[in-house]
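A quick write-up on the structure given underneath.
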Amino acid sequence: MSSRNLPDGAMSRQIVWIACIVYVLGYAGYCFNFNESVKPLRHLVYAVPLILAASPLLERIPRCNKPAEWYLLTYLYLGCIGYITYVSDTASFWNDFGIVALVILSFVPAIDVSVRQIRFVFFCTAIYFVAAYALTEHQGIRMLQLLESGIIARAPTGTAYDSDTGGLVPPMYAVFFYAIGARLEFMLALVMCFVGGKRISLLAMLVGLAAVSVLRRAPALNEGRNRFLVLFAALAGINIVGANLPSIVEHGYWAIRPEAHIEEIMLGRQEIGSTMIEVIESRSWVEWLIGAGPGSANSLAGIITNGSVTHPHNDWLKLLFDHGILGSALITAFIALIFSSSKTGTAIALANAVIMLTDNVAAYLFYQIPIVLMLAFSAPQEALRSKTENALGAGLALGLGGRGKQLAR
């Protein structure tokens with residue numbers, strides 16, 4: 001049977017399998033970046049959005065995620081305004097703008113994803129994680145050292161195991177597998193979160209798990225519009241906290257540990273964040289409204305740290321710096337609109353929003369692709385479940401109505 005004779009769903013799943021395999025190969029380059037022969041594989045991840053985007057083109061009736069389309073068009077428009085108006089570091093602009101555009105593009109095609117495909121990617125991720133942990137020289141698990149010295153303190157040694165790939169991605173898997181009731185995968189993701197050494201990841205996972213529990217117990221959130229409003233309000237609140245996080249941390253940390261240096265917890269990020277806030281406060285009203293363009297925050301971070309850090313490690317503050325108050329509000333609304341398509345997506349969005357407080361995951365394709373798969377799987381599953389429940393409810397009401405008429409006779 002030719003590809004054109006295959007049902008649309010079957011063709012989409014074949015494309016997704018190709019994307020999953022390419023992603024797994026590319027992810028190896030991030031996990032084993034200490035090996036120069038494997039490290040270049042990470043560039044394969046940039047091909048995944050293009051593979052996913054090809055899926056609608058091969059279908060008889062192309063299917064796309066309309067909110068994601070609007071989000072992509074809005075982001076391209078905001079980027080053009082920023083480039084024309086304020087951008088001075090064109091290399092940083094094109095690098096940041098291109099990667100984020102690819103991330104958004106990944107959400108545009110309405111792909112058919114099976115839980116088997118997500119499990120395949122996850123177990124490959126777990127195998128890589130174990131292998132990287134075994135092959136990396138370190139002096140124990142960073143999270144254990146933090147617990148011994150105080151969770152808000154810096155680990156006593158800089159050689160404890162601390163992994164971006166092993167620490168940032170597992171919380172998303174943990175929330176997803178908990179939501180669908182996959183206990184083995186959930187427990188494995190939980191262990192990876194702990195061993196990965198990221199404090200913010202543990203907090204994000206707890207927020208996501210709590211969100212799943214609340215969403216299950218809130219009938220009003222069965223309706224997509226209500227989920228959107230609640231998620232948008234929550235993301236807006238987290239956005240405000242993130243944009244003011246350097247000030248919040250400065251005052252809060254001194255209240256907890258007045259004898260210590262603030263960078264013990266912020267690891268060099270406090271200076272970057274404080275400088276970004278000072279620049280924002282000194283802007284003209286036009287730049288305050290539309291920002292300085294994609295890549296501007298990264299460029300400033302590089303200047304402040306003499307190139308040792310090229311990301312501000314606060315996606316919400318970066319969003320405000322690059323796109324202004326208008327772009328920040330629009331992007332927050334689009335994220336809420338896309339992820340509120342399901343209860344699981346809503347929980348994942350909240351966990352993701354927490355990680356965005358201290359990391360630059362908005363521009364990490366290795367981090368975003370699994371979320372794309374989880375969201376694509378969850379939305380149709382929940383829509384089908386909702387239709388089934390409505391049909392059962394209508395059938396029950398009809399049956400009770402007929403029984404009542406018989407009794408009346």
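Residue numbering restarts at 1 for every chain of the structure tokens, chains are lettered A, B, ... in their displayed order, and ligands are numbered from 1 as they appear.
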
Glu281 of chain A surroundings by only C-alpha atoms, 12 Å radius, close-in-sequence under 2 positions cut, as a list in words: Ala243, Asn244, Ser274, Thr275, Met276, Ile277, Glu278, Val279, Arg283, Ser284, Trp285, Glu287, Trp288, Leu289, Gly291, Leu320, Phe321 and Gly324 of chain A

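Once segment 80-83 of chain A and its same-chain neighbours fewer than 6 positions away are set aside, Thr74, Asp89, Thr90, Phe93, Trp94, Phe97, Glu287, Ile290, Gly291, Ala292, Gly293, Pro294, Gly295, Ser296, Asp322, His323 and Gly324 of chain A remain within 10 Å of it when counting only C-alpha atoms.
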
Write out the residues from the selection above, keeping N, CA and C atoms, as a PDB file, in the first residue's frame.
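Writing the result to selection39.pdb gives the following:
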```
ATOM      1  N   THR A  74       2.280  35.305  15.422  1.00  0.00           N
ATOM      2  CA  THR A  74       2.484  36.422  16.350  1.00  0.00           C
ATOM      3  C   THR A  74       3.949  36.552  16.726  1.00  0.00           C
ATOM      4  N   ASP A  89      22.725  43.050  18.288  1.00  0.00           N
ATOM      5  CA  ASP A  89      23.502  41.825  18.154  1.00  0.00           C
ATOM      6  C   ASP A  89      22.731  40.865  17.244  1.00  0.00           C
ATOM      7  N   THR A  90      22.994  40.929  15.951  1.00  0.00           N
ATOM      8  CA  THR A  90      22.216  40.143  14.989  1.00  0.00           C
ATOM      9  C   THR A  90      22.474  38.642  15.137  1.00  0.00           C
ATOM     10  N   PHE A  93      20.385  37.459  17.910  1.00  0.00           N
ATOM     11  CA  PHE A  93      18.978  37.536  17.497  1.00  0.00           C
ATOM     12  C   PHE A  93      18.586  36.313  16.684  1.00  0.00           C
ATOM     13  N   TRP A  94      19.348  35.997  15.638  1.00  0.00           N
ATOM     14  CA  TRP A  94      18.961  34.911  14.746  1.00  0.00           C
ATOM     15  C   TRP A  94      19.040  33.558  15.438  1.00  0.00           C
ATOM     16  N   PHE A  97      15.932  33.639  17.981  1.00  0.00           N
ATOM     17  CA  PHE A  97      14.684  33.729  17.212  1.00  0.00           C
ATOM     18  C   PHE A  97      14.425  32.441  16.440  1.00  0.00           C
ATOM     19  N   GLU A 287      10.071  50.968  24.034  1.00  0.00           N
ATOM     20  CA  GLU A 287      10.840  49.749  24.253  1.00  0.00           C
ATOM     21  C   GLU A 287      10.271  48.967  25.428  1.00  0.00           C
ATOM     22  N   ILE A 290       7.338  47.012  23.682  1.00  0.00           N
ATOM     23  CA  ILE A 290       7.597  45.964  22.688  1.00  0.00           C
ATOM     24  C   ILE A 290       8.934  45.257  22.877  1.00  0.00           C
ATOM     25  N   GLY A 291       9.745  45.676  23.851  1.00  0.00           N
ATOM     26  CA  GLY A 291      10.999  45.003  24.140  1.00  0.00           C
ATOM     27  C   GLY A 291      12.130  45.379  23.203  1.00  0.00           C
ATOM     28  N   ALA A 292      13.246  44.658  23.355  1.00  0.00           N
ATOM     29  CA  ALA A 292      14.452  44.949  22.567  1.00  0.00           C
ATOM     30  C   ALA A 292      14.719  43.903  21.501  1.00  0.00           C
ATOM     31  N   GLY A 293      13.794  42.944  21.338  1.00  0.00           N
ATOM     32  CA  GLY A 293      13.939  41.941  20.289  1.00  0.00           C
ATOM     33  C   GLY A 293      14.554  40.646  20.788  1.00  0.00           C
ATOM     34  N   PRO A 294      14.265  39.511  20.126  1.00  0.00           N
ATOM     35  CA  PRO A 294      14.810  38.209  20.516  1.00  0.00           C
ATOM     36  C   PRO A 294      16.327  38.222  20.585  1.00  0.00           C
ATOM     37  N   GLY A 295      16.862  37.559  21.592  1.00  0.00           N
ATOM     38  CA  GLY A 295      18.308  37.459  21.747  1.00  0.00           C
ATOM     39  C   GLY A 295      18.935  38.587  22.541  1.00  0.00           C
ATOM     40  N   SER A 296      18.185  39.649  22.819  1.00  0.00           N
ATOM     41  CA  SER A 296      18.759  40.795  23.535  1.00  0.00           C
ATOM     42  C   SER A 296      19.167  40.432  24.956  1.00  0.00           C
ATOM     43  N   ASP A 322      13.000  40.833  26.128  1.00  0.00           N
ATOM     44  CA  ASP A 322      13.060  40.723  24.667  1.00  0.00           C
ATOM     45  C   ASP A 322      11.815  41.252  23.967  1.00  0.00           C
ATOM     46  N   HIS A 323      10.626  41.032  24.557  1.00  0.00           N
ATOM     47  CA  HIS A 323       9.371  41.330  23.861  1.00  0.00           C
ATOM     48  C   HIS A 323       8.488  42.361  24.561  1.00  0.00           C
ATOM     49  N   GLY A 324       8.947  42.902  25.666  1.00  0.00           N
ATOM     50  CA  GLY A 324       8.187  43.938  26.339  1.00  0.00           C
ATOM     51  C   GLY A 324       6.924  43.403  27.008  1.00  0.00           C
TER      52      GLY A 324
END
```

Would you pick out the contacts of segment 41-53 of chain A at 9 Å or less, using only C-alpha atoms, so that residues sharing its chain but fewer than 3 positions from it are not included, and give the list as a PyMOL selection string? chain A and resi 12+15-16+18-20+22-31+33+37-38+56-57+99+102-109+111+365-366+369

Store the residues of this selection in a file with N, CA and C atoms, as a CSV table (one decimal), in the first residue's frame.
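What landed in part.csv:
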```
chain,number,residue,atom,x,y,z
A,12,SER,N,0.4,9.9,10.0
A,12,SER,CA,0.9,10.8,11.0
A,12,SER,C,1.8,10.0,12.0
A,15,ILE,N,5.2,9.3,10.7
A,15,ILE,CA,6.0,10.5,10.7
A,15,ILE,C,6.5,10.7,12.2
A,16,VAL,N,5.6,10.5,13.1
A,16,VAL,CA,6.0,10.7,14.6
A,16,VAL,C,7.1,9.7,15.0
A,18,ILE,N,9.4,8.5,13.0
A,18,ILE,CA,10.7,9.0,12.5
A,18,ILE,C,11.2,10.1,13.4
A,19,ALA,N,10.3,11.0,13.8
A,19,ALA,CA,10.7,12.2,14.6
A,19,ALA,C,11.2,11.7,15.9
A,20,CYS,N,10.6,10.7,16.5
A,20,CYS,CA,11.1,10.1,17.8
A,20,CYS,C,12.5,9.5,17.7
A,22,VAL,N,14.8,10.2,15.4
A,22,VAL,CA,15.8,11.3,15.2
A,22,VAL,C,16.0,12.1,16.5
A,23,TYR,N,14.9,12.3,17.3
A,23,TYR,CA,15.1,13.0,18.6
A,23,TYR,C,16.0,12.2,19.5
A,24,VAL,N,15.8,10.9,19.6
A,24,VAL,CA,16.5,10.0,20.5
A,24,VAL,C,18.0,10.1,20.1
A,25,LEU,N,18.3,10.1,18.8
A,25,LEU,CA,19.7,10.1,18.4
A,25,LEU,C,20.3,11.5,18.7
A,26,GLY,N,19.5,12.6,18.5
A,26,GLY,CA,20.0,13.9,18.9
A,26,GLY,C,20.2,14.1,20.3
A,27,TYR,N,19.3,13.5,21.1
A,27,TYR,CA,19.3,13.7,22.6
A,27,TYR,C,20.6,13.1,23.2
A,28,ALA,N,21.2,12.1,22.5
A,28,ALA,CA,22.4,11.5,22.9
A,28,ALA,C,23.5,12.5,22.9
A,29,GLY,N,23.5,13.4,22.0
A,29,GLY,CA,24.5,14.5,21.9
A,29,GLY,C,24.5,15.4,23.1
A,30,TYR,N,23.3,15.6,23.7
A,30,TYR,CA,23.2,16.4,24.9
A,30,TYR,C,23.7,15.7,26.1
A,31,CYS,N,23.3,14.4,26.2
A,31,CYS,CA,23.6,13.6,27.4
A,31,CYS,C,25.1,13.3,27.5
A,33,ASN,N,27.7,15.0,26.1
A,33,ASN,CA,28.4,16.1,25.6
A,33,ASN,C,29.9,16.2,26.0
A,37,SER,N,33.0,12.9,20.1
A,37,SER,CA,32.6,12.2,18.9
A,37,SER,C,31.0,12.0,18.9
A,38,VAL,N,30.4,12.1,20.1
A,38,VAL,CA,29.0,12.0,20.2
A,38,VAL,C,28.3,13.3,20.3
A,56,PRO,N,1.3,17.2,8.2
A,56,PRO,CA,0.0,17.6,7.6
A,56,PRO,C,0.1,17.7,6.1
A,57,LEU,N,1.4,17.9,5.6
A,57,LEU,CA,1.5,18.0,4.1
A,57,LEU,C,1.3,16.6,3.4
A,99,ILE,N,15.6,29.3,17.0
A,99,ILE,CA,15.3,28.2,17.9
A,99,ILE,C,13.9,28.2,18.5
A,102,LEU,N,11.3,27.4,15.9
A,102,LEU,CA,11.3,25.9,15.7
A,102,LEU,C,10.5,25.3,16.8
A,103,VAL,N,10.6,25.7,18.0
A,103,VAL,CA,9.9,25.2,19.2
A,103,VAL,C,8.4,25.4,18.9
A,104,ILE,N,8.0,26.6,18.6
A,104,ILE,CA,6.6,26.9,18.3
A,104,ILE,C,6.1,26.1,17.2
A,105,LEU,N,6.9,25.9,16.1
A,105,LEU,CA,6.5,25.2,14.9
A,105,LEU,C,6.2,23.7,15.3
A,106,SER,N,6.8,23.2,16.3
A,106,SER,CA,6.6,21.8,16.7
A,106,SER,C,5.2,21.6,17.2
A,107,PHE,N,4.5,22.6,17.7
A,107,PHE,CA,3.2,22.5,18.2
A,107,PHE,C,2.1,22.7,17.2
A,108,VAL,N,2.5,23.2,16.0
A,108,VAL,CA,1.5,23.5,14.9
A,108,VAL,C,0.8,22.3,14.3
A,109,PRO,N,1.6,21.2,13.9
A,109,PRO,CA,0.8,20.1,13.3
A,109,PRO,C,0.0,19.3,14.3
A,111,ILE,N,-0.6,16.1,15.2
A,111,ILE,CA,-0.1,14.8,15.0
A,111,ILE,C,-0.8,13.7,15.8
A,365,LEU,N,15.2,22.6,22.6
A,365,LEU,CA,14.4,21.7,21.8
A,365,LEU,C,14.4,20.3,22.4
A,366,PHE,N,15.6,19.9,23.0
A,366,PHE,CA,15.6,18.6,23.7
A,366,PHE,C,14.6,18.5,24.8
A,369,ILE,N,10.5,19.0,22.8
A,369,ILE,CA,9.9,17.9,22.0
A,369,ILE,C,9.1,16.9,22.8
```

Helix (DSSP H, G or I) call set, DSSP backbone run, segment 188-339 of chain A, as a PyMOL selection string: chain A and resi 188-196+199-216+219-222+224-243+245-256+263-266+269-281+285-290+296-304+315-339
